[in-house]
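This is protein-v5.cif. It holds mmCIF, C-alpha atoms.
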data_protein
#
loop_
_atom_site.group_PDB
_atom_site.id
_atom_site.type_symbol
_atom_site.label_atom_id
_atom_site.label_comp_id
_atom_site.auth_asym_id
_atom_site.auth_seq_id
_atom_site.Cartn_x
_atom_site.Cartn_y
_atom_site.Cartn_z
ATOM 1 C CA MET A 102 1.341 12.932 -25.532
ATOM 2 C CA GLN A 103 -1.499 10.940 -24.018
ATOM 3 C CA ARG A 104 -4.444 13.156 -23.095
ATOM 4 C CA ALA A 105 -5.612 12.798 -19.480
ATOM 5 C CA PRO A 106 -9.142 11.447 -19.061
ATOM 6 C CA ASN A 107 -11.830 13.788 -17.798
ATOM 7 C CA ALA A 108 -12.241 14.086 -14.062
ATOM 8 C CA ILE A 109 -14.899 11.790 -12.590
ATOM 9 C CA GLN A 110 -17.216 12.919 -9.799
ATOM 10 C CA PHE A 111 -16.432 10.763 -6.764
ATOM 11 C CA THR A 112 -19.914 10.998 -5.245
ATOM 12 C CA ALA A 113 -21.413 9.458 -8.396
ATOM 13 C CA GLN A 114 -19.397 6.270 -7.904
ATOM 14 C CA GLY A 115 -20.825 3.275 -6.070
ATOM 15 C CA THR A 116 -18.715 0.617 -4.386
ATOM 16 C CA ASP A 117 -18.775 -1.624 -7.470
ATOM 17 C CA ASP A 118 -17.615 1.292 -9.620
ATOM 18 C CA LEU A 119 -14.693 1.981 -7.277
ATOM 19 C CA VAL A 120 -13.727 -1.690 -7.234
ATOM 20 C CA ARG A 121 -13.670 -1.635 -11.038
ATOM 21 C CA LEU A 122 -11.590 1.540 -11.118
ATOM 22 C CA TYR A 123 -9.035 0.186 -8.651
ATOM 23 C CA SER A 124 -8.883 -3.497 -9.615
ATOM 24 C CA TYR A 125 -5.443 -4.987 -10.156
ATOM 25 C CA PRO A 126 -4.496 -6.266 -13.614
ATOM 26 C CA SER A 127 -6.005 -9.674 -14.323
ATOM 27 C CA ARG A 128 -3.983 -12.896 -14.605
ATOM 28 C CA LEU A 129 -0.980 -11.654 -12.643
ATOM 29 C CA GLU A 130 2.045 -13.945 -12.830
ATOM 30 C CA SER A 131 4.306 -11.907 -10.549
ATOM 31 C CA PRO A 132 3.775 -9.349 -7.766
ATOM 32 C CA TRP A 133 2.201 -6.046 -8.834
ATOM 33 C CA ILE A 134 3.264 -3.337 -6.381
ATOM 34 C CA ARG A 135 0.686 -0.606 -5.860
ATOM 35 C CA VAL A 136 1.723 2.333 -3.662
ATOM 36 C CA ASN A 137 -0.900 4.404 -1.854
ATOM 37 C CA PHE A 138 -0.248 7.852 -0.384
ATOM 38 C CA VAL A 139 -2.100 10.965 0.688
ATOM 39 C CA SER A 140 -0.542 14.424 0.662
ATOM 40 C CA SER A 141 -1.663 18.014 1.073
ATOM 41 C CA ILE A 142 -1.936 20.222 -2.013
ATOM 42 C CA ASP A 143 1.368 21.865 -1.015
ATOM 43 C CA GLY A 144 3.071 18.461 -0.895
ATOM 44 C CA ALA A 145 3.134 17.663 2.821
ATOM 45 C CA VAL A 146 2.940 13.946 3.534
ATOM 46 C CA THR A 147 2.233 14.338 7.264
ATOM 47 C CA VAL A 148 0.902 16.788 9.827
ATOM 48 C CA ASP A 149 2.920 16.703 13.043
ATOM 49 C CA GLY A 150 4.567 13.480 11.923
ATOM 50 C CA ARG A 151 1.436 11.512 11.007
ATOM 51 C CA SER A 152 -0.637 11.186 7.853
ATOM 52 C CA GLY A 153 -4.017 10.720 9.560
ATOM 53 C CA ALA A 154 -4.855 14.434 9.646
ATOM 54 C CA LEU A 155 -4.689 14.533 5.838
ATOM 55 C CA GLY A 156 -7.418 11.928 5.387
ATOM 56 C CA THR A 157 -10.865 12.802 4.042
ATOM 57 C CA ARG A 158 -14.065 10.809 3.613
ATOM 58 C CA ALA A 159 -13.266 9.942 0.004
ATOM 59 C CA ASP A 160 -9.699 8.980 0.872
ATOM 60 C CA HIS A 161 -10.933 6.710 3.677
ATOM 61 C CA ASP A 162 -13.407 5.019 1.318
ATOM 62 C CA VAL A 163 -10.739 4.308 -1.292
ATOM 63 C CA PHE A 164 -8.233 3.264 1.393
ATOM 64 C CA ALA A 165 -10.690 0.571 2.539
ATOM 65 C CA ILE A 166 -11.267 -0.710 -0.993
ATOM 66 C CA LEU A 167 -7.533 -0.872 -1.705
ATOM 67 C CA ARG A 168 -7.048 -3.039 1.383
ATOM 68 C CA ASP A 169 -9.983 -5.258 0.437
ATOM 69 C CA LEU A 170 -8.432 -5.858 -2.998
ATOM 70 C CA ALA A 171 -4.920 -6.612 -1.697
ATOM 71 C CA ASP A 172 -3.220 -9.922 -0.932
ATOM 72 C CA VAL A 173 -0.729 -8.213 1.393
ATOM 73 C CA VAL A 174 -0.211 -4.742 2.880
ATOM 74 C CA VAL A 175 3.449 -3.732 3.118
ATOM 75 C CA VAL A 176 4.851 -0.833 5.110
ATOM 76 C CA GLY A 177 8.225 0.383 6.314
ATOM 77 C CA ALA A 178 9.094 0.011 9.988
ATOM 78 C CA GLY A 179 9.310 3.768 10.547
ATOM 79 C CA THR A 180 5.775 4.287 9.272
ATOM 80 C CA ALA A 181 4.500 1.302 11.262
ATOM 81 C CA ARG A 182 5.897 2.881 14.428
ATOM 82 C CA ALA A 183 4.834 6.478 13.671
ATOM 83 C CA GLU A 184 1.276 5.503 12.677
ATOM 84 C CA ASN A 185 0.911 2.886 15.450
ATOM 85 C CA TYR A 186 -0.025 0.189 12.940
ATOM 86 C CA ALA A 187 -2.344 -2.654 13.827
ATOM 87 C CA GLY A 188 -3.513 -5.522 11.653
ATOM 88 C CA ALA A 189 -5.506 -4.644 8.535
ATOM 89 C CA ARG A 190 -9.252 -4.164 9.000
ATOM 90 C CA THR A 191 -11.308 -5.143 5.959
ATOM 91 C CA ASP A 192 -14.888 -5.896 4.897
ATOM 92 C CA THR A 193 -15.302 -9.667 5.253
ATOM 93 C CA GLN A 194 -18.218 -10.015 2.851
ATOM 94 C CA ARG A 195 -16.604 -7.800 0.233
ATOM 95 C CA ARG A 196 -13.381 -9.830 0.471
ATOM 96 C CA ILE A 197 -15.396 -13.003 -0.184
ATOM 97 C CA ARG A 198 -17.191 -11.446 -3.168
ATOM 98 C CA LEU A 199 -13.911 -10.186 -4.612
ATOM 99 C CA PHE A 200 -12.436 -13.673 -4.317
ATOM 100 C CA GLN A 201 -15.445 -15.210 -6.045
ATOM 101 C CA HIS A 202 -14.983 -12.800 -8.957
ATOM 102 C CA GLY A 203 -11.228 -13.356 -9.184
ATOM 103 C CA LEU A 204 -10.416 -9.805 -8.087
ATOM 104 C CA GLY A 205 -8.453 -10.524 -4.923
ATOM 105 C CA GLY A 206 -9.978 -10.760 -1.485
ATOM 106 C CA ALA A 207 -9.968 -14.121 0.270
ATOM 107 C CA ARG A 208 -12.068 -17.280 0.155
ATOM 108 C CA ASP A 209 -12.904 -16.947 3.867
ATOM 109 C CA GLY A 210 -12.959 -13.142 3.857
ATOM 110 C CA ALA A 211 -9.854 -12.900 6.041
ATOM 111 C CA PRO A 212 -7.926 -9.606 5.880
ATOM 112 C CA PRO A 213 -4.538 -9.436 4.173
ATOM 113 C CA PRO A 214 -1.481 -9.776 6.402
ATOM 114 C CA VAL A 215 0.601 -6.695 7.150
ATOM 115 C CA ALA A 216 4.233 -7.082 6.067
ATOM 116 C CA VAL A 217 6.723 -4.745 7.731
ATOM 117 C CA VAL A 218 10.163 -4.063 6.267
ATOM 118 C CA SER A 219 12.768 -3.646 9.003
ATOM 119 C CA ALA A 220 16.418 -4.359 8.235
ATOM 120 C CA HIS A 221 17.228 -4.387 11.960
ATOM 121 C CA ALA A 222 14.005 -6.037 13.196
ATOM 122 C CA ALA A 223 13.490 -2.846 15.234
ATOM 123 C CA LEU A 224 9.864 -3.361 16.246
ATOM 124 C CA ASP A 225 8.143 -3.588 19.618
ATOM 125 C CA PRO A 226 6.579 -7.047 20.123
ATOM 126 C CA ALA A 227 4.062 -5.421 22.506
ATOM 127 C CA SER A 228 2.821 -2.951 19.852
ATOM 128 C CA ARG A 229 -0.601 -3.123 18.168
ATOM 129 C CA LEU A 230 1.004 -4.727 15.136
ATOM 130 C CA PHE A 231 1.223 -7.908 17.197
ATOM 131 C CA THR A 232 -1.544 -7.478 19.766
ATOM 132 C CA ASP A 233 -4.366 -5.929 17.696
ATOM 133 C CA THR A 234 -4.613 -8.173 14.654
ATOM 134 C CA THR A 235 -6.372 -11.273 13.373
ATOM 135 C CA ARG A 236 -3.477 -12.168 11.055
ATOM 136 C CA PRO A 237 0.128 -12.608 12.229
ATOM 137 C CA PRO A 238 2.358 -9.914 10.716
ATOM 138 C CA LEU A 239 5.093 -10.799 8.254
ATOM 139 C CA ILE A 240 8.407 -9.224 9.270
ATOM 140 C CA LEU A 241 10.870 -8.845 6.400
ATOM 141 C CA THR A 242 14.297 -8.392 7.900
ATOM 142 C CA THR A 243 17.916 -9.401 7.323
ATOM 143 C CA ALA A 244 20.440 -12.004 8.361
ATOM 144 C CA ALA A 245 22.412 -9.189 10.023
ATOM 145 C CA ALA A 246 19.543 -8.168 12.334
ATOM 146 C CA PRO A 247 20.083 -9.136 15.997
ATOM 147 C CA ASP A 248 18.961 -12.718 16.611
ATOM 148 C CA GLU A 249 17.364 -11.782 19.935
ATOM 149 C CA ARG A 250 15.111 -9.205 18.274
ATOM 150 C CA LYS A 251 14.036 -11.707 15.646
ATOM 151 C CA ARG A 252 13.317 -14.306 18.320
ATOM 152 C CA LEU A 253 11.160 -11.878 20.314
ATOM 153 C CA LEU A 254 9.113 -10.967 17.237
ATOM 154 C CA ALA A 255 8.633 -14.628 16.353
ATOM 155 C CA ASP A 256 7.583 -15.364 19.949
ATOM 156 C CA ALA A 257 5.001 -12.563 19.610
ATOM 157 C CA GLY A 258 3.447 -14.471 16.714
ATOM 158 C CA ALA A 259 5.091 -12.924 13.658
ATOM 159 C CA GLU A 260 6.443 -14.805 10.679
ATOM 160 C CA VAL A 261 10.011 -13.505 10.537
ATOM 161 C CA VAL A 262 11.726 -13.784 7.150
ATOM 162 C CA GLU A 263 15.396 -13.034 6.514
ATOM 163 C CA ALA A 264 14.781 -11.468 3.117
ATOM 164 C CA GLY A 265 18.319 -10.109 2.611
ATOM 165 C CA ASP A 266 21.800 -10.136 4.103
ATOM 166 C CA THR A 267 22.129 -6.547 5.349
ATOM 167 C CA THR A 268 19.296 -4.737 3.540
ATOM 168 C CA VAL A 269 15.867 -5.626 2.177
ATOM 169 C CA THR A 270 15.712 -4.612 -1.468
ATOM 170 C CA ALA A 271 12.744 -4.286 -3.796
ATOM 171 C CA ALA A 272 13.860 -7.517 -5.469
ATOM 172 C CA ASP A 273 13.840 -9.217 -2.053
ATOM 173 C CA LEU A 274 10.288 -8.010 -1.440
ATOM 174 C CA ARG A 275 9.089 -9.302 -4.785
ATOM 175 C CA SER A 276 10.756 -12.664 -4.175
ATOM 176 C CA VAL A 277 9.177 -13.128 -0.730
ATOM 177 C CA PHE A 278 5.709 -12.213 -1.995
ATOM 178 C CA ALA A 279 6.013 -14.346 -5.137
ATOM 179 C CA GLU A 280 6.994 -17.394 -3.071
ATOM 180 C CA ARG A 281 3.818 -16.970 -1.013
ATOM 181 C CA GLY A 282 1.507 -16.218 -3.927
ATOM 182 C CA LEU A 283 0.901 -12.681 -2.654
ATOM 183 C CA LEU A 284 0.674 -10.973 -6.027
ATOM 184 C CA ARG A 285 -1.613 -8.022 -5.280
ATOM 185 C CA VAL A 286 0.723 -5.909 -3.174
ATOM 186 C CA LEU A 287 -0.409 -2.685 -1.482
ATOM 187 C CA CYS A 288 2.439 -0.522 -0.160
ATOM 188 C CA GLU A 289 1.309 2.136 2.322
ATOM 189 C CA GLY A 290 4.703 3.805 2.784
ATOM 190 C CA GLY A 291 6.758 5.300 4.038
ATOM 191 C CA PRO A 292 8.732 7.657 1.834
ATOM 192 C CA SER A 293 12.022 5.740 2.118
ATOM 193 C CA LEU A 294 10.399 2.456 1.093
ATOM 194 C CA PHE A 295 8.641 4.175 -1.814
ATOM 195 C CA GLY A 296 11.955 5.764 -2.811
ATOM 196 C CA GLU A 297 13.589 2.326 -2.842
ATOM 197 C CA LEU A 298 10.810 1.004 -5.086
ATOM 198 C CA ILE A 299 11.236 3.925 -7.497
ATOM 199 C CA SER A 300 15.024 3.538 -7.576
ATOM 200 C CA ALA A 301 14.622 -0.163 -8.366
ATOM 201 C CA GLY A 302 11.971 0.428 -11.030
ATOM 202 C CA ALA A 303 9.602 -1.704 -8.951
ATOM 203 C CA ALA A 304 6.696 0.690 -8.330
ATOM 204 C CA ASP A 305 4.054 -0.493 -10.785
ATOM 205 C CA GLU A 306 1.366 1.933 -9.689
ATOM 206 C CA LEU A 307 0.686 4.953 -7.485
ATOM 207 C CA CYS A 308 -2.682 5.840 -5.974
ATOM 208 C CA LEU A 309 -2.262 9.410 -4.758
ATOM 209 C CA THR A 310 -4.864 11.419 -2.864
ATOM 210 C CA LEU A 311 -4.510 15.196 -2.699
ATOM 211 C CA SER A 312 -6.139 16.495 0.452
ATOM 212 C CA PRO A 313 -7.604 20.033 0.149
ATOM 213 C CA LEU A 314 -5.245 21.476 2.760
ATOM 214 C CA LEU A 315 -2.246 23.789 2.886
ATOM 215 C CA VAL A 316 0.092 22.572 5.622
ATOM 216 C CA GLY A 317 3.530 24.173 5.350
ATOM 217 C CA GLY A 318 5.910 23.132 8.117
ATOM 218 C CA PRO A 319 8.815 20.683 7.825
ATOM 219 C CA ALA A 320 6.882 17.685 6.483
ATOM 220 C CA GLY A 321 8.654 15.651 3.813
ATOM 221 C CA ARG A 322 7.492 14.383 0.433
ATOM 222 C CA ILE A 323 5.968 11.002 -0.424
ATOM 223 C CA ALA A 324 9.213 9.482 -1.752
ATOM 224 C CA VAL A 325 12.877 10.001 -0.850
ATOM 225 C CA SER A 326 15.972 8.243 -2.170
ATOM 226 C CA PRO A 327 19.667 9.011 -2.671
ATOM 227 C CA ASN A 328 19.315 9.184 -6.443
ATOM 228 C CA ALA A 329 16.577 10.350 -8.797
ATOM 229 C CA LEU A 330 15.106 7.988 -11.380
ATOM 230 C CA PRO A 331 12.435 9.758 -13.462
ATOM 231 C CA SER A 332 9.785 7.134 -14.211
ATOM 232 C CA PRO A 333 7.068 7.955 -16.784
ATOM 233 C CA MET A 334 3.566 7.192 -15.515
ATOM 234 C CA SER A 335 0.191 7.101 -17.228
ATOM 235 C CA LEU A 336 -2.915 8.594 -15.605
ATOM 236 C CA ARG A 337 -5.653 5.970 -15.360
ATOM 237 C CA HIS A 338 -8.273 8.090 -13.625
ATOM 238 C CA LEU A 339 -8.885 11.208 -11.589
ATOM 239 C CA LEU A 340 -11.759 11.425 -9.101
ATOM 240 C CA VAL A 341 -12.906 14.681 -7.502
ATOM 241 C CA ASP A 342 -15.046 14.816 -4.360
ATOM 242 C CA ASP A 343 -17.326 17.685 -3.385
ATOM 243 C CA ASP A 344 -14.922 18.812 -0.650
ATOM 244 C CA GLY A 345 -12.065 19.233 -3.141
ATOM 245 C CA THR A 346 -10.316 15.912 -2.476
ATOM 246 C CA VAL A 347 -8.614 14.657 -5.644
ATOM 247 C CA LEU A 348 -7.912 10.935 -6.003
ATOM 248 C CA THR A 349 -5.612 9.813 -8.802
ATOM 249 C CA ARG A 350 -4.381 6.474 -10.076
ATOM 250 C CA TRP A 351 -1.102 6.362 -12.028
ATOM 251 C CA VAL A 352 0.318 3.221 -13.718
ATOM 252 C CA ARG A 353 3.812 2.746 -15.101
ATOM 253 C CA ALA A 354 3.828 3.871 -18.717
ATOM 254 C CA ALA A 355 4.594 1.294 -21.404
ATOM 255 C CA PRO A 356 8.103 1.623 -22.896
ATOM 256 C CA GLN A 357 8.261 3.670 -26.079
ATOM 257 C CA GLY A 358 9.639 2.251 -29.283
#
Can I see the file as structure tokens?
Amino acid sequence: MQRAPNAIQFTAQGTDDLVRLYSYPSRLESPWIRVNFVSSIDGAVTVDGRSGALGTRADHDVFAILRDLADVVVVGAGTARAENYAGARTDTQRRIRLFQHGLGGARDGAPPPVAVVSAHAALDPASRLFTDTTRPPLILTTAAAPDERKRLLADAGAEVVEAGDTTVTAADLRSVFAERGLLRVLCEGGPSLFGELISAGAADELCLTLSPLLVGGPAGRIAVSPNALPSPMSLRHLLVDDDGTVLTRWVRAAPQG
């Protein structure tokens, strides 16, 4: 059994250290799907339906770096609605520096687009996703979604892609991103989308923050799917902040044999 590395003190890490710890694999030839979640120590993924109350200073710092490193941020429609998603906000100068060092980012420092998975194109064209952004969102929907909904989203400025016939699968996601050269993928939920990625064996990595809270209540877990698919993961690092926040990075374990 691989021995877990020692815990690293979060407060001792500078921005460059965090970028190194969270950098995507080099020389990617296909999309690498990183999933990012925060949960309470008793497993709650939301408080009163939203994840914001679980965030801590350390989690916010890492959240920003993960977005700066990404080529695209992908999220399920339910999470986009519940969290009132807007366009991604990133550090322009850091995005430029990351690009110059071949670590992601963008030549002009522009933020990554937000891609929303919605089989039925069930999004409000007047929401912040369309009105509070510097990059048009990418809507991944289906041929079966109502044409009028797709037209309204396109009229609101979105790039609407029929990624599947009746559902948008993990393979569909990878295909759309590969065609656009969006190889550093950051998935920010929700649980159903993460469950689909697990079921398809498409979740390459999980960045999980444990917030030092007990929540109870009816909140769900970070991934749900009809069937279980145990997927061995390898712990890359574990950071601990002074307030008890624990930040972990898990990568799909190499096949044995």
Worksheet item: Which residues match the PyMOL selection byres ((chain A and resi 194-203) around 9) in the file above, as an MDAnalysis selection string?
Response: chainID A and resid 120 127 166 169:170 191:193 204:212
Show me the residues close to (-1.5, -8.7, -1.8) - anything with an atom within 10 Å, counting all atoms listed in the file - and format the list as an mmCIF file with C-alpha atoms, keeping the file's coordinate frame.
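Saved as selection14.cif:
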data_model
loop_
_atom_site.group_PDB
_atom_site.id
_atom_site.type_symbol
_atom_site.label_atom_id
_atom_site.label_comp_id
_atom_site.auth_asym_id
_atom_site.auth_seq_id
_atom_site.Cartn_x
_atom_site.Cartn_y
_atom_site.Cartn_z
ATOM 1 C CA TYR A 125 -5.443 -4.987 -10.156
ATOM 2 C CA PRO A 132 3.775 -9.349 -7.766
ATOM 3 C CA TRP A 133 2.201 -6.046 -8.834
ATOM 4 C CA ILE A 134 3.264 -3.337 -6.381
ATOM 5 C CA ARG A 135 0.686 -0.606 -5.860
ATOM 6 C CA LEU A 167 -7.533 -0.872 -1.705
ATOM 7 C CA ARG A 168 -7.048 -3.039 1.383
ATOM 8 C CA ASP A 169 -9.983 -5.258 0.437
ATOM 9 C CA LEU A 170 -8.432 -5.858 -2.998
ATOM 10 C CA ALA A 171 -4.920 -6.612 -1.697
ATOM 11 C CA ASP A 172 -3.220 -9.922 -0.932
ATOM 12 C CA VAL A 173 -0.729 -8.213 1.393
ATOM 13 C CA VAL A 174 -0.211 -4.742 2.880
ATOM 14 C CA VAL A 175 3.449 -3.732 3.118
ATOM 15 C CA GLY A 205 -8.453 -10.524 -4.923
ATOM 16 C CA GLY A 206 -9.978 -10.760 -1.485
ATOM 17 C CA PRO A 213 -4.538 -9.436 4.173
ATOM 18 C CA PRO A 214 -1.481 -9.776 6.402
ATOM 19 C CA VAL A 215 0.601 -6.695 7.150
ATOM 20 C CA ALA A 216 4.233 -7.082 6.067
ATOM 21 C CA PHE A 278 5.709 -12.213 -1.995
ATOM 22 C CA ALA A 279 6.013 -14.346 -5.137
ATOM 23 C CA ARG A 281 3.818 -16.970 -1.013
ATOM 24 C CA GLY A 282 1.507 -16.218 -3.927
ATOM 25 C CA LEU A 283 0.901 -12.681 -2.654
ATOM 26 C CA LEU A 284 0.674 -10.973 -6.027
ATOM 27 C CA ARG A 285 -1.613 -8.022 -5.280
ATOM 28 C CA VAL A 286 0.723 -5.909 -3.174
ATOM 29 C CA LEU A 287 -0.409 -2.685 -1.482
ATOM 30 C CA CYS A 288 2.439 -0.522 -0.160
#
Discussion item. Would you compute the distance between atom CA of Leu340 of chain A and atom CA of Cys308 of chain A? Give it in Å to one decimal.
Written reply: 11.1 Å
Worksheet entry | Interatomic distance, atom CA of Val218 of chain A to atom CA of Ile142 of chain A (Å, one decimal) | 28.4 Å
Practice prompt. Quote the spacing between atom CA of Ser141 of chain A and atom CA of Gly156 of chain A in Å to one decimal place.
Written response: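 These two atoms are separated by 9.4 Å.
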